[in-house]
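final.cif, holding mmCIF, C-alpha atoms, pLDDT in the B column; chains and numbers go by the auth columns:
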```
data_query
loop_
_atom_site.group_PDB
_atom_site.id
_atom_site.type_symbol
_atom_site.label_atom_id
_atom_site.label_comp_id
_atom_site.label_asym_id
_atom_site.label_seq_id
_atom_site.Cartn_x
_atom_site.Cartn_y
_atom_site.Cartn_z
_atom_site.B_iso_or_equiv
_atom_site.auth_seq_id
_atom_site.auth_asym_id
ATOM 1 C CA MET A 1 124.015 43.580 -30.077 53.00 360 J
ATOM 2 C CA SER A 2 127.382 42.200 -28.971 68.00 361 J
ATOM 3 C CA LYS A 3 128.100 41.877 -25.287 82.00 362 J
ATOM 4 C CA ILE A 4 129.072 45.169 -23.679 88.00 363 J
ATOM 5 C CA ILE A 5 132.450 45.095 -21.944 93.00 364 J
ATOM 6 C CA ILE A 6 132.754 46.216 -18.328 96.00 365 J
ATOM 7 C CA LYS A 7 136.202 47.404 -17.181 97.00 366 J
ATOM 8 C CA ASN A 8 137.645 46.818 -13.726 97.00 367 J
ATOM 9 C CA GLU A 9 139.564 49.483 -11.813 96.00 368 J
ATOM 10 C CA GLU A 10 142.945 48.404 -13.174 97.00 369 J
ATOM 11 C CA GLU A 11 141.639 48.612 -16.720 98.00 370 J
ATOM 12 C CA LEU A 12 140.086 51.994 -16.027 98.00 371 J
ATOM 13 C CA LYS A 13 143.486 53.254 -14.897 98.00 372 J
ATOM 14 C CA GLY A 14 144.907 52.083 -18.220 98.00 373 J
ATOM 15 C CA MET A 15 142.101 53.906 -20.009 98.00 374 J
ATOM 16 C CA ARG A 16 142.836 57.081 -18.034 98.00 375 J
ATOM 17 C CA ASP A 17 146.506 56.953 -18.974 98.00 376 J
ATOM 18 C CA ALA A 18 145.741 56.405 -22.658 98.00 377 J
ATOM 19 C CA GLY A 19 143.098 59.110 -22.571 98.00 378 J
ATOM 20 C CA ARG A 20 145.491 61.615 -21.047 98.00 379 J
ATOM 21 C CA VAL A 21 148.069 60.911 -23.760 98.00 380 J
ATOM 22 C CA ALA A 22 145.450 61.368 -26.487 98.00 381 J
ATOM 23 C CA ALA A 23 144.143 64.562 -24.886 98.00 382 J
ATOM 24 C CA ASN A 24 147.610 66.103 -24.556 98.00 383 J
ATOM 25 C CA ILE A 25 148.296 65.394 -28.228 98.00 384 J
ATOM 26 C CA ARG A 26 144.914 66.833 -29.206 98.00 385 J
ATOM 27 C CA MET A 27 145.634 70.068 -27.381 98.00 386 J
ATOM 28 C CA ASP A 28 149.174 70.398 -28.765 98.00 387 J
ATOM 29 C CA LEU A 29 147.897 69.723 -32.260 98.00 388 J
ATOM 30 C CA ALA A 30 145.167 72.330 -31.862 98.00 389 J
ATOM 31 C CA LYS A 31 147.790 74.953 -31.011 98.00 390 J
ATOM 32 C CA ALA A 32 149.603 74.190 -34.283 98.00 391 J
ATOM 33 C CA ILE A 33 146.569 74.940 -36.450 98.00 392 J
ATOM 34 C CA ALA A 34 147.165 78.185 -38.361 98.00 393 J
ATOM 35 C CA PRO A 35 146.551 79.676 -41.802 98.00 394 J
ATOM 36 C CA GLY A 36 148.923 78.258 -44.401 98.00 395 J
ATOM 37 C CA VAL A 37 149.611 75.007 -42.547 98.00 396 J
ATOM 38 C CA SER A 38 148.643 71.913 -44.514 98.00 397 J
ATOM 39 C CA THR A 39 146.717 69.053 -42.989 98.00 398 J
ATOM 40 C CA ARG A 40 149.629 66.782 -43.941 98.00 399 J
ATOM 41 C CA GLU A 41 151.981 68.947 -41.865 98.00 400 J
ATOM 42 C CA LEU A 42 149.587 68.743 -38.932 98.00 401 J
ATOM 43 C CA ASP A 43 149.460 64.965 -39.249 98.00 402 J
ATOM 44 C CA ALA A 44 153.269 64.734 -39.325 98.00 403 J
ATOM 45 C CA TYR A 45 153.419 66.838 -36.160 98.00 404 J
ATOM 46 C CA ALA A 46 150.864 64.547 -34.524 98.00 405 J
ATOM 47 C CA ARG A 47 152.953 61.507 -35.531 98.00 406 J
ATOM 48 C CA ASP A 48 155.968 63.032 -33.769 98.00 407 J
ATOM 49 C CA LEU A 49 153.893 63.798 -30.665 98.00 408 J
ATOM 50 C CA ILE A 50 152.549 60.244 -30.599 98.00 409 J
ATOM 51 C CA ASP A 51 156.047 58.781 -30.913 98.00 410 J
ATOM 52 C CA LYS A 52 157.384 61.083 -28.190 98.00 411 J
ATOM 53 C CA ALA A 53 154.612 59.944 -25.845 98.00 412 J
ATOM 54 C CA GLY A 54 155.558 56.300 -26.340 98.00 413 J
ATOM 55 C CA ALA A 55 152.225 55.548 -27.986 98.00 414 J
ATOM 56 C CA ARG A 56 151.135 54.596 -31.478 98.00 415 J
ATOM 57 C CA SER A 57 148.348 55.843 -33.675 98.00 416 J
ATOM 58 C CA ALA A 58 145.116 53.877 -33.458 98.00 417 J
ATOM 59 C CA PHE A 59 144.121 55.130 -36.910 98.00 418 J
ATOM 60 C CA ILE A 60 146.946 54.498 -39.356 98.00 419 J
ATOM 61 C CA ASN A 61 146.349 51.345 -41.404 98.00 420 J
ATOM 62 C CA TYR A 62 142.909 50.888 -39.819 97.00 421 J
ATOM 63 C CA PRO A 63 141.022 48.533 -42.164 96.00 422 J
ATOM 64 C CA GLY A 64 138.610 50.223 -44.538 94.00 423 J
ATOM 65 C CA PRO A 65 135.275 48.976 -45.831 90.00 424 J
ATOM 66 C CA ARG A 66 135.395 46.324 -48.519 89.00 425 J
ATOM 67 C CA GLY A 67 137.504 47.505 -51.428 92.00 426 J
ATOM 68 C CA VAL A 68 138.835 50.574 -49.599 96.00 427 J
ATOM 69 C CA PRO A 69 142.549 50.758 -48.684 97.00 428 J
ATOM 70 C CA PRO A 70 143.492 51.056 -44.988 98.00 429 J
ATOM 71 C CA TYR A 71 143.371 54.538 -43.491 98.00 430 J
ATOM 72 C CA PRO A 72 146.637 56.326 -44.401 98.00 431 J
ATOM 73 C CA GLY A 73 146.890 59.020 -41.698 98.00 432 J
ATOM 74 C CA TYR A 74 148.033 59.137 -38.097 98.00 433 J
ATOM 75 C CA THR A 75 145.072 61.381 -37.274 98.00 434 J
ATOM 76 C CA CYS A 76 141.813 62.392 -38.923 98.00 435 J
ATOM 77 C CA ILE A 77 141.762 66.065 -39.920 98.00 436 J
ATOM 78 C CA SER A 78 138.469 67.294 -41.348 98.00 437 J
ATOM 79 C CA VAL A 79 138.021 70.844 -42.633 98.00 438 J
ATOM 80 C CA ASN A 80 134.730 72.733 -42.997 98.00 439 J
ATOM 81 C CA GLU A 81 132.328 70.476 -44.947 98.00 440 J
ATOM 82 C CA GLU A 82 134.347 67.390 -43.988 98.00 441 J
ATOM 83 C CA VAL A 83 132.523 65.744 -41.093 98.00 442 J
ATOM 84 C CA VAL A 84 134.894 62.956 -40.026 98.00 443 J
ATOM 85 C CA HIS A 85 137.698 60.748 -41.365 98.00 444 J
ATOM 86 C CA GLY A 86 139.337 63.524 -43.353 98.00 445 J
ATOM 87 C CA ILE A 87 142.614 62.210 -44.806 98.00 446 J
ATOM 88 C CA PRO A 88 145.566 64.572 -44.208 98.00 447 J
ATOM 89 C CA GLY A 89 146.946 65.959 -47.449 98.00 448 J
ATOM 90 C CA ASP A 90 147.810 69.111 -49.368 97.00 449 J
ATOM 91 C CA ARG A 91 144.826 71.148 -48.207 97.00 450 J
ATOM 92 C CA CYS A 92 146.082 74.249 -46.403 98.00 451 J
ATOM 93 C CA ILE A 93 144.224 75.877 -43.531 98.00 452 J
ATOM 94 C CA ALA A 94 142.729 79.296 -44.305 98.00 453 J
ATOM 95 C CA LEU A 95 141.123 82.048 -42.262 98.00 454 J
ATOM 96 C CA GLY A 96 137.473 81.241 -41.700 98.00 455 J
ATOM 97 C CA ASP A 97 138.010 77.467 -41.606 98.00 456 J
ATOM 98 C CA VAL A 98 136.722 75.070 -38.978 98.00 457 J
ATOM 99 C CA VAL A 99 139.281 72.292 -38.452 98.00 458 J
ATOM 100 C CA SER A 100 138.174 69.102 -36.697 98.00 459 J
ATOM 101 C CA ILE A 101 141.011 67.007 -35.298 98.00 460 J
ATOM 102 C CA ASP A 102 140.420 63.427 -34.187 98.00 461 J
ATOM 103 C CA VAL A 103 143.245 61.816 -32.216 98.00 462 J
ATOM 104 C CA GLY A 104 143.245 58.143 -31.288 98.00 463 J
ATOM 105 C CA VAL A 105 146.221 56.410 -29.701 98.00 464 J
ATOM 106 C CA VAL A 106 147.140 53.028 -28.319 98.00 465 J
ATOM 107 C CA TYR A 107 149.070 53.382 -25.071 98.00 466 J
ATOM 108 C CA LYS A 108 150.081 50.375 -22.989 98.00 467 J
ATOM 109 C CA GLY A 109 147.358 48.290 -24.536 98.00 468 J
ATOM 110 C CA PHE A 110 144.482 50.761 -24.199 98.00 469 J
ATOM 111 C CA ILE A 111 142.821 53.235 -26.546 98.00 470 J
ATOM 112 C CA GLY A 112 142.523 56.965 -25.973 98.00 471 J
ATOM 113 C CA ASP A 113 140.108 58.573 -28.437 98.00 472 J
ATOM 114 C CA ASN A 114 139.050 62.234 -28.578 98.00 473 J
ATOM 115 C CA ALA A 115 138.273 65.043 -30.989 98.00 474 J
ATOM 116 C CA MET A 116 137.647 68.768 -31.123 98.00 475 J
ATOM 117 C CA SER A 117 136.802 71.430 -33.696 98.00 476 J
ATOM 118 C CA VAL A 118 139.005 74.525 -33.892 98.00 477 J
ATOM 119 C CA PRO A 119 137.831 77.803 -35.490 98.00 478 J
ATOM 120 C CA VAL A 120 140.533 79.631 -37.446 98.00 479 J
ATOM 121 C CA GLY A 121 139.656 83.296 -37.498 98.00 480 J
ATOM 122 C CA VAL A 122 135.971 82.462 -37.917 98.00 481 J
ATOM 123 C CA THR A 123 133.722 85.522 -37.882 98.00 482 J
ATOM 124 C CA ASP A 124 130.469 83.902 -39.019 98.00 483 J
ATOM 125 C CA LEU A 125 128.365 83.993 -35.873 98.00 484 J
ATOM 126 C CA ARG A 126 126.247 81.067 -36.983 98.00 485 J
ATOM 127 C CA VAL A 127 129.341 78.872 -37.381 98.00 486 J
ATOM 128 C CA LEU A 128 130.617 79.944 -33.967 98.00 487 J
ATOM 129 C CA GLU A 129 127.204 79.058 -32.568 98.00 488 J
ATOM 130 C CA LEU A 130 127.470 75.635 -34.222 98.00 489 J
ATOM 131 C CA ILE A 131 130.758 74.989 -32.418 98.00 490 J
ATOM 132 C CA GLU A 132 129.432 76.285 -29.090 98.00 491 J
ATOM 133 C CA TRP A 133 126.275 74.183 -29.114 98.00 492 J
ATOM 134 C CA SER A 134 128.032 71.081 -30.373 98.00 493 J
ATOM 135 C CA GLU A 135 130.391 71.316 -27.403 98.00 494 J
ATOM 136 C CA LYS A 136 127.409 71.813 -25.101 98.00 495 J
ATOM 137 C CA SER A 137 125.735 68.756 -26.595 98.00 496 J
ATOM 138 C CA LEU A 138 128.820 66.667 -25.797 98.00 497 J
ATOM 139 C CA MET A 139 128.853 67.786 -22.182 98.00 498 J
ATOM 140 C CA ASN A 140 125.089 67.242 -21.853 98.00 499 J
ATOM 141 C CA ALA A 141 125.508 63.750 -23.287 98.00 500 J
ATOM 142 C CA ILE A 142 128.334 62.977 -20.863 98.00 501 J
ATOM 143 C CA GLU A 143 126.057 63.975 -17.977 98.00 502 J
ATOM 144 C CA GLN A 144 123.761 61.103 -19.007 98.00 503 J
ATOM 145 C CA ALA A 145 126.547 58.490 -18.908 98.00 504 J
ATOM 146 C CA VAL A 146 125.739 57.321 -15.380 98.00 505 J
ATOM 147 C CA GLU A 147 124.751 53.952 -13.995 98.00 506 J
ATOM 148 C CA GLY A 148 121.024 53.318 -14.236 97.00 507 J
ATOM 149 C CA ASN A 149 120.398 55.424 -17.319 98.00 508 J
ATOM 150 C CA ARG A 150 119.718 53.940 -20.721 98.00 509 J
ATOM 151 C CA LEU A 151 122.064 54.209 -23.684 98.00 510 J
ATOM 152 C CA SER A 152 119.636 56.351 -25.677 98.00 511 J
ATOM 153 C CA ASP A 153 119.614 58.951 -22.901 98.00 512 J
ATOM 154 C CA ILE A 154 123.068 59.886 -24.203 98.00 513 J
ATOM 155 C CA SER A 155 121.790 60.010 -27.784 98.00 514 J
ATOM 156 C CA HIS A 156 118.788 62.118 -26.884 98.00 515 J
ATOM 157 C CA ALA A 157 120.930 64.618 -24.983 98.00 516 J
ATOM 158 C CA VAL A 158 122.887 65.413 -28.145 98.00 517 J
ATOM 159 C CA GLU A 159 119.877 65.838 -30.390 98.00 518 J
ATOM 160 C CA SER A 160 117.806 67.787 -27.867 98.00 519 J
ATOM 161 C CA THR A 161 120.659 70.264 -27.400 98.00 520 J
ATOM 162 C CA VAL A 162 121.410 71.094 -31.047 98.00 521 J
ATOM 163 C CA ALA A 163 118.283 70.292 -33.064 98.00 522 J
ATOM 164 C CA PRO A 164 116.182 73.122 -31.563 98.00 523 J
ATOM 165 C CA ARG A 165 118.903 75.527 -32.770 98.00 524 J
ATOM 166 C CA GLY A 166 118.346 74.378 -36.331 98.00 525 J
ATOM 167 C CA PHE A 167 121.458 72.237 -36.695 98.00 526 J
ATOM 168 C CA GLY A 168 121.557 68.836 -38.389 98.00 527 J
ATOM 169 C CA VAL A 169 122.607 65.779 -36.372 98.00 528 J
ATOM 170 C CA VAL A 170 124.547 63.222 -38.409 98.00 529 J
ATOM 171 C CA ARG A 171 122.747 59.884 -38.422 98.00 530 J
ATOM 172 C CA ASP A 172 125.032 57.712 -40.529 98.00 531 J
ATOM 173 C CA PHE A 173 128.019 57.702 -38.162 98.00 532 J
ATOM 174 C CA VAL A 174 128.037 57.049 -34.439 98.00 533 J
ATOM 175 C CA GLY A 175 129.989 56.946 -31.208 98.00 534 J
ATOM 176 C CA HIS A 176 131.033 53.612 -29.767 98.00 535 J
ATOM 177 C CA GLY A 177 132.380 51.615 -26.902 98.00 536 J
ATOM 178 C CA VAL A 178 136.145 51.866 -26.513 98.00 537 J
ATOM 179 C CA GLY A 179 138.780 49.968 -24.554 98.00 538 J
ATOM 180 C CA ARG A 180 141.495 47.620 -25.738 97.00 539 J
ATOM 181 C CA LYS A 181 139.991 48.014 -29.215 97.00 540 J
ATOM 182 C CA MET A 182 139.045 51.202 -31.001 96.00 541 J
ATOM 183 C CA HIS A 183 135.494 50.093 -31.663 96.00 542 J
ATOM 184 C CA GLU A 184 133.719 48.021 -29.033 97.00 543 J
ATOM 185 C CA PRO A 185 129.990 47.653 -28.453 96.00 544 J
ATOM 186 C CA PRO A 186 127.697 49.482 -28.137 97.00 545 J
ATOM 187 C CA GLN A 187 127.126 51.898 -31.003 97.00 546 J
ATOM 188 C CA ILE A 188 126.025 55.286 -29.694 98.00 547 J
ATOM 189 C CA TYR A 189 123.697 57.288 -31.909 98.00 548 J
ATOM 190 C CA ASN A 190 123.472 61.054 -31.595 98.00 549 J
ATOM 191 C CA PHE A 191 119.708 61.169 -32.009 98.00 550 J
ATOM 192 C CA GLY A 192 116.584 59.403 -30.824 98.00 551 J
ATOM 193 C CA PRO A 193 114.178 59.244 -27.887 98.00 552 J
ATOM 194 C CA PRO A 194 115.398 58.699 -24.314 98.00 553 J
ATOM 195 C CA GLY A 195 114.891 55.626 -22.182 98.00 554 J
ATOM 196 C CA ARG A 196 115.827 52.969 -24.722 97.00 555 J
ATOM 197 C CA GLY A 197 118.651 50.526 -25.258 96.00 556 J
ATOM 198 C CA PRO A 198 120.940 48.780 -22.760 96.00 557 J
ATOM 199 C CA MET A 199 121.074 49.871 -19.150 97.00 558 J
ATOM 200 C CA LEU A 200 124.307 51.716 -18.405 98.00 559 J
ATOM 201 C CA LYS A 201 126.538 50.034 -15.828 97.00 560 J
ATOM 202 C CA GLU A 202 129.571 51.260 -13.934 98.00 561 J
ATOM 203 C CA GLY A 203 132.761 50.362 -15.790 98.00 562 J
ATOM 204 C CA MET A 204 131.409 50.775 -19.305 98.00 563 J
ATOM 205 C CA THR A 205 133.765 52.976 -21.344 98.00 564 J
ATOM 206 C CA LEU A 206 132.290 54.950 -24.207 98.00 565 J
ATOM 207 C CA ALA A 207 133.512 57.295 -26.925 98.00 566 J
ATOM 208 C CA ILE A 208 130.759 59.883 -27.170 98.00 567 J
ATOM 209 C CA GLU A 209 131.133 61.946 -30.342 98.00 568 J
ATOM 210 C CA PRO A 210 128.506 64.368 -31.602 98.00 569 J
ATOM 211 C CA MET A 211 128.797 65.178 -35.321 98.00 570 J
ATOM 212 C CA VAL A 212 126.682 68.255 -35.980 99.00 571 J
ATOM 213 C CA ASN A 213 126.118 70.083 -39.265 98.00 572 J
ATOM 214 C CA LEU A 214 125.278 73.695 -39.991 98.00 573 J
ATOM 215 C CA GLY A 215 122.684 72.554 -42.528 98.00 574 J
ATOM 216 C CA THR A 216 121.222 69.178 -43.418 98.00 575 J
ATOM 217 C CA HIS A 217 122.030 66.061 -41.428 98.00 576 J
ATOM 218 C CA GLN A 218 122.695 64.209 -44.674 98.00 577 J
ATOM 219 C CA VAL A 219 126.249 63.201 -45.538 98.00 578 J
ATOM 220 C CA GLU A 220 128.119 61.308 -48.234 98.00 579 J
ATOM 221 C CA VAL A 221 131.483 59.607 -48.537 98.00 580 J
ATOM 222 C CA LEU A 222 134.029 60.846 -51.075 98.00 581 J
ATOM 223 C CA ASP A 223 135.712 58.620 -53.640 96.00 582 J
ATOM 224 C CA ASP A 224 138.667 57.971 -51.294 97.00 583 J
ATOM 225 C CA GLY A 225 136.294 55.747 -49.317 97.00 584 J
ATOM 226 C CA TRP A 226 137.001 57.543 -46.041 98.00 585 J
ATOM 227 C CA THR A 227 136.250 61.268 -46.055 98.00 586 J
ATOM 228 C CA VAL A 228 132.681 62.009 -44.958 98.00 587 J
ATOM 229 C CA VAL A 229 131.275 65.361 -46.124 98.00 588 J
ATOM 230 C CA THR A 230 128.010 67.192 -45.642 98.00 589 J
ATOM 231 C CA LYS A 231 125.664 66.722 -48.588 98.00 590 J
ATOM 232 C CA ASP A 232 125.060 70.471 -48.822 98.00 591 J
ATOM 233 C CA ARG A 233 128.777 71.208 -48.293 98.00 592 J
ATOM 234 C CA LEU A 234 128.066 73.457 -45.317 98.00 593 J
ATOM 235 C CA PRO A 235 130.418 73.272 -42.289 98.00 594 J
ATOM 236 C CA SER A 236 130.315 70.484 -39.740 98.00 595 J
ATOM 237 C CA VAL A 237 131.660 70.103 -36.202 98.00 596 J
ATOM 238 C CA HIS A 238 133.008 66.946 -34.537 98.00 597 J
ATOM 239 C CA VAL A 239 133.697 66.795 -30.792 98.00 598 J
ATOM 240 C CA GLU A 240 134.485 63.712 -28.717 98.00 599 J
ATOM 241 C CA HIS A 241 135.498 62.480 -25.284 98.00 600 J
ATOM 242 C CA SER A 242 136.057 58.967 -24.019 98.00 601 J
ATOM 243 C CA VAL A 243 134.243 58.490 -20.713 98.00 602 J
ATOM 244 C CA ALA A 244 133.672 55.876 -18.048 98.00 603 J
ATOM 245 C CA VAL A 245 130.180 55.257 -16.735 98.00 604 J
ATOM 246 C CA ARG A 246 130.073 55.850 -13.000 97.00 605 J
ATOM 247 C CA LYS A 247 127.462 56.127 -10.270 96.00 606 J
ATOM 248 C CA GLY A 248 126.210 59.684 -9.994 94.00 607 J
ATOM 249 C CA LYS A 249 128.645 61.330 -12.430 97.00 608 J
ATOM 250 C CA ALA A 250 130.512 60.126 -15.512 98.00 609 J
ATOM 251 C CA GLU A 251 134.292 60.271 -15.572 98.00 610 J
ATOM 252 C CA ILE A 252 135.916 61.944 -18.577 98.00 611 J
ATOM 253 C CA LEU A 253 138.965 59.882 -19.509 98.00 612 J
ATOM 254 C CA THR A 254 140.395 62.188 -22.194 98.00 613 J
ATOM 255 C CA LEU A 255 141.511 65.134 -20.084 98.00 614 J
ATOM 256 C CA PRO A 256 144.927 66.771 -20.705 98.00 615 J
ATOM 257 C CA ASP A 257 147.500 67.422 -17.991 95.00 616 J
#
```
Would it be possible to restate this file's structure as structure tokens?
Amino acid sequence: MSKIIIKNEEELKGMRDAGRVAANIRMDLAKAIAPGVSTRELDAYARDLIDKAGARSAFINYPGPRGVPPYPGYTCISVNEEVVHGIPGDRCIALGDVVSIDVGVVYKGFIGDNAMSVPVGVTDLRVLELIEWSEKSLMNAIEQAVEGNRLSDISHAVESTVAPRGFGVVRDFVGHGVGRKMHEPPQIYNFGPPGRGPMLKEGMTLAIEPMVNLGTHQVEVLDDGWTVVTKDRLPSVHVEHSVAVRKGKAEILTLPD
């Protein structure tokens, strides 16, 4: 594993500022989600919000895996069976959809990265339960991001919250360290036993992002090389905060004004 980066107080202030910008954009974008709106229109709105904030998207032109073109959107917008990395396009939002929005920005040299899933007139109680418990799993995981714990305590908190409810925890994609780069060490799984991995130290900054499926945990990547979907095509939820490890209680960096 690569060396984990510890931030000083000045860097943490930069992370807070970037996180606040990303969180404000996330919340404004969530308010714009409505039936009939295309994911491309949402992405264009996010681009305008990012520009207005004096930031830039951390996602657009992000290098893809070998042979895959760079990511073409300013945000990731994933609908229903799309887990993460949904490319904005012609798909229009409909009643009953679950829309996951992932907003990452670069602001004054630091990354703010966060995500949420928005129900659009959803009446299926099981889907609403999926959203509720995924959000709980994120908060339970954040509670473990304190100095002296182990990295897998975060992972275990996610799985132990949602798995007993019969939901599938995505195993192929993970959270990550975050800072001046979008992806820093360590990788943060959303499953596994507690008490393993690196010791958490104050100043570590982490993007914790549960990806939880209504059905199987298995996923696959579409032909565009980016969009991850559930193998059974049942809905998925993606929630994320960037946090700083502290003594006693983690600090959430992606909080809106």
| message | Quick one: residues within 12 Å of Ala381 (chain J), all atoms listed in the file, excluding same-chain residues fewer than 3 positions away - as a ChimeraX atom specification? | response | /J:374-378,384-388,405-406,408-410,412-417,434,460-466,469-475,599-601,612-616
Preceding selection exported with C-alpha atoms as a CSV table (one decimal), keeping the file's coordinate frame:
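Wrote it out as again12.csv, contents follow:
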```
chain,number,residue,atom,x,y,z
J,374,MET,CA,142.1,53.9,-20.0
J,375,ARG,CA,142.8,57.1,-18.0
J,376,ASP,CA,146.5,57.0,-19.0
J,377,ALA,CA,145.7,56.4,-22.7
J,378,GLY,CA,143.1,59.1,-22.6
J,384,ILE,CA,148.3,65.4,-28.2
J,385,ARG,CA,144.9,66.8,-29.2
J,386,MET,CA,145.6,70.1,-27.4
J,387,ASP,CA,149.2,70.4,-28.8
J,388,LEU,CA,147.9,69.7,-32.3
J,405,ALA,CA,150.9,64.5,-34.5
J,406,ARG,CA,153.0,61.5,-35.5
J,408,LEU,CA,153.9,63.8,-30.7
J,409,ILE,CA,152.5,60.2,-30.6
J,410,ASP,CA,156.0,58.8,-30.9
J,412,ALA,CA,154.6,59.9,-25.8
J,413,GLY,CA,155.6,56.3,-26.3
J,414,ALA,CA,152.2,55.5,-28.0
J,415,ARG,CA,151.1,54.6,-31.5
J,416,SER,CA,148.3,55.8,-33.7
J,417,ALA,CA,145.1,53.9,-33.5
J,434,THR,CA,145.1,61.4,-37.3
J,460,ILE,CA,141.0,67.0,-35.3
J,461,ASP,CA,140.4,63.4,-34.2
J,462,VAL,CA,143.2,61.8,-32.2
J,463,GLY,CA,143.2,58.1,-31.3
J,464,VAL,CA,146.2,56.4,-29.7
J,465,VAL,CA,147.1,53.0,-28.3
J,466,TYR,CA,149.1,53.4,-25.1
J,469,PHE,CA,144.5,50.8,-24.2
J,470,ILE,CA,142.8,53.2,-26.5
J,471,GLY,CA,142.5,57.0,-26.0
J,472,ASP,CA,140.1,58.6,-28.4
J,473,ASN,CA,139.0,62.2,-28.6
J,474,ALA,CA,138.3,65.0,-31.0
J,475,MET,CA,137.6,68.8,-31.1
J,599,GLU,CA,134.5,63.7,-28.7
J,600,HIS,CA,135.5,62.5,-25.3
J,601,SER,CA,136.1,59.0,-24.0
J,612,LEU,CA,139.0,59.9,-19.5
J,613,THR,CA,140.4,62.2,-22.2
J,614,LEU,CA,141.5,65.1,-20.1
J,615,PRO,CA,144.9,66.8,-20.7
J,616,ASP,CA,147.5,67.4,-18.0
```
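Candidate residues J:Ala609, J:Val588, J:Val380, J:Ile501 were compared for distance to His515 (chain J), and the nearest is J:Ile501, using only C-alpha atoms.
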| request: Considering all atoms listed in the file, return as a VMD selection string whatever protein or nucleic-acid residues lie within 10 Å of Thr575 (chain J), sequence-local ones (same chain, fewer than 6 positions apart) excluded. | output: chain J and resid 525 to 529 589 to 593 595
Could you turn the residues from that selection into a file that holds C-alpha atoms, as a PDB file, in the coordinates of the input?
```pdb
ATOM      1  CA  GLY J 525     118.346  74.378 -36.331  1.00 98.00           C
ATOM      2  CA  PHE J 526     121.458  72.237 -36.695  1.00 98.00           C
ATOM      3  CA  GLY J 527     121.557  68.836 -38.389  1.00 98.00           C
ATOM      4  CA  VAL J 528     122.607  65.779 -36.372  1.00 98.00           C
ATOM      5  CA  VAL J 529     124.547  63.222 -38.409  1.00 98.00           C
ATOM      6  CA  THR J 589     128.010  67.192 -45.642  1.00 98.00           C
ATOM      7  CA  LYS J 590     125.664  66.722 -48.588  1.00 98.00           C
ATOM      8  CA  ASP J 591     125.060  70.471 -48.822  1.00 98.00           C
ATOM      9  CA  ARG J 592     128.777  71.208 -48.293  1.00 98.00           C
ATOM     10  CA  LEU J 593     128.066  73.457 -45.317  1.00 98.00           C
ATOM     11  CA  SER J 595     130.315  70.484 -39.740  1.00 98.00           C
TER      12      SER J 595
END
```
| message | Given the point (148.3, 69.2, -38.0) in the file's coordinates, find the residues that have an atom at most 9 Å from it, counting all atoms listed in the file, and give them as JSON, numbers by chain. | response | {"J": [388, 389, 391, 392, 396, 397, 398, 399, 400, 401, 402, 403, 404, 405, 434, 436, 447, 460]}
| Gap from CA of Asn499 (chain J) to CA of Arg485 (chain J) - Å, one decimal |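 Here the two named atoms are 20.5 Å from each other.
Closest approach to Gly574 (chain J) among J:Arg509, J:His444, J:Arg524, J:Arg379 is made by J:Arg524 (distances from all atoms listed in the file).
Counting from CA of Val604 (chain J), the distance to CA of Lys362 (chain J) is 16.0 Å.
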| query | Rounded to one decimal in Å, what is the spacing between CA of Leu497 (chain J) and CA of Val458 (chain J)? | reply |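 About the pair CA of Leu497 (chain J) and CA of Val458 (chain J): they are 17.4 Å apart.
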Dump N, CA and C atoms of region 485-495 of chain J from the given block, as a JSON list (two decimals), in the first residue's frame.
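Saved as selection_16.json:
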```
[["chain", "number", "residue", "atom", "x", "y", "z"],
["J", 485, "ARG", "N", -39.45, -0.68, -0.16],
["J", 485, "ARG", "CA", -38.16, -1.35, -0.08],
["J", 485, "ARG", "C", -37.05, -0.46, -0.63],
["J", 486, "VAL", "N", -37.33, 0.28, -1.69],
["J", 486, "VAL", "CA", -36.34, 1.20, -2.25],
["J", 486, "VAL", "C", -36.07, 2.35, -1.29],
["J", 487, "LEU", "N", -37.13, 2.86, -0.66],
["J", 487, "LEU", "CA", -36.95, 3.92, 0.33],
["J", 487, "LEU", "C", -36.13, 3.42, 1.51],
["J", 488, "GLU", "N", -36.34, 2.16, 1.87],
["J", 488, "GLU", "CA", -35.55, 1.56, 2.95],
["J", 488, "GLU", "C", -34.09, 1.45, 2.52],
["J", 489, "LEU", "N", -33.85, 1.10, 1.27],
["J", 489, "LEU", "CA", -32.48, 1.03, 0.75],
["J", 489, "LEU", "C", -31.77, 2.37, 0.91],
["J", 490, "ILE", "N", -32.45, 3.45, 0.56],
["J", 490, "ILE", "CA", -31.84, 4.78, 0.69],
["J", 490, "ILE", "C", -31.58, 5.10, 2.16],
["J", 491, "GLU", "N", -32.58, 4.85, 3.00],
["J", 491, "GLU", "CA", -32.46, 5.16, 4.43],
["J", 491, "GLU", "C", -31.28, 4.43, 5.07],
["J", 492, "TRP", "N", -31.16, 3.14, 4.81],
["J", 492, "TRP", "CA", -30.12, 2.37, 5.47],
["J", 492, "TRP", "C", -28.74, 2.61, 4.85],
["J", 493, "SER", "N", -28.71, 2.96, 3.59],
["J", 493, "SER", "CA", -27.43, 3.34, 2.99],
["J", 493, "SER", "C", -26.90, 4.61, 3.64],
["J", 494, "GLU", "N", -27.80, 5.58, 3.87],
["J", 494, "GLU", "CA", -27.39, 6.81, 4.53],
["J", 494, "GLU", "C", -26.94, 6.53, 5.97],
["J", 495, "LYS", "N", -27.65, 5.63, 6.64],
["J", 495, "LYS", "CA", -27.24, 5.25, 8.00],
["J", 495, "LYS", "C", -25.87, 4.59, 7.98]]
```
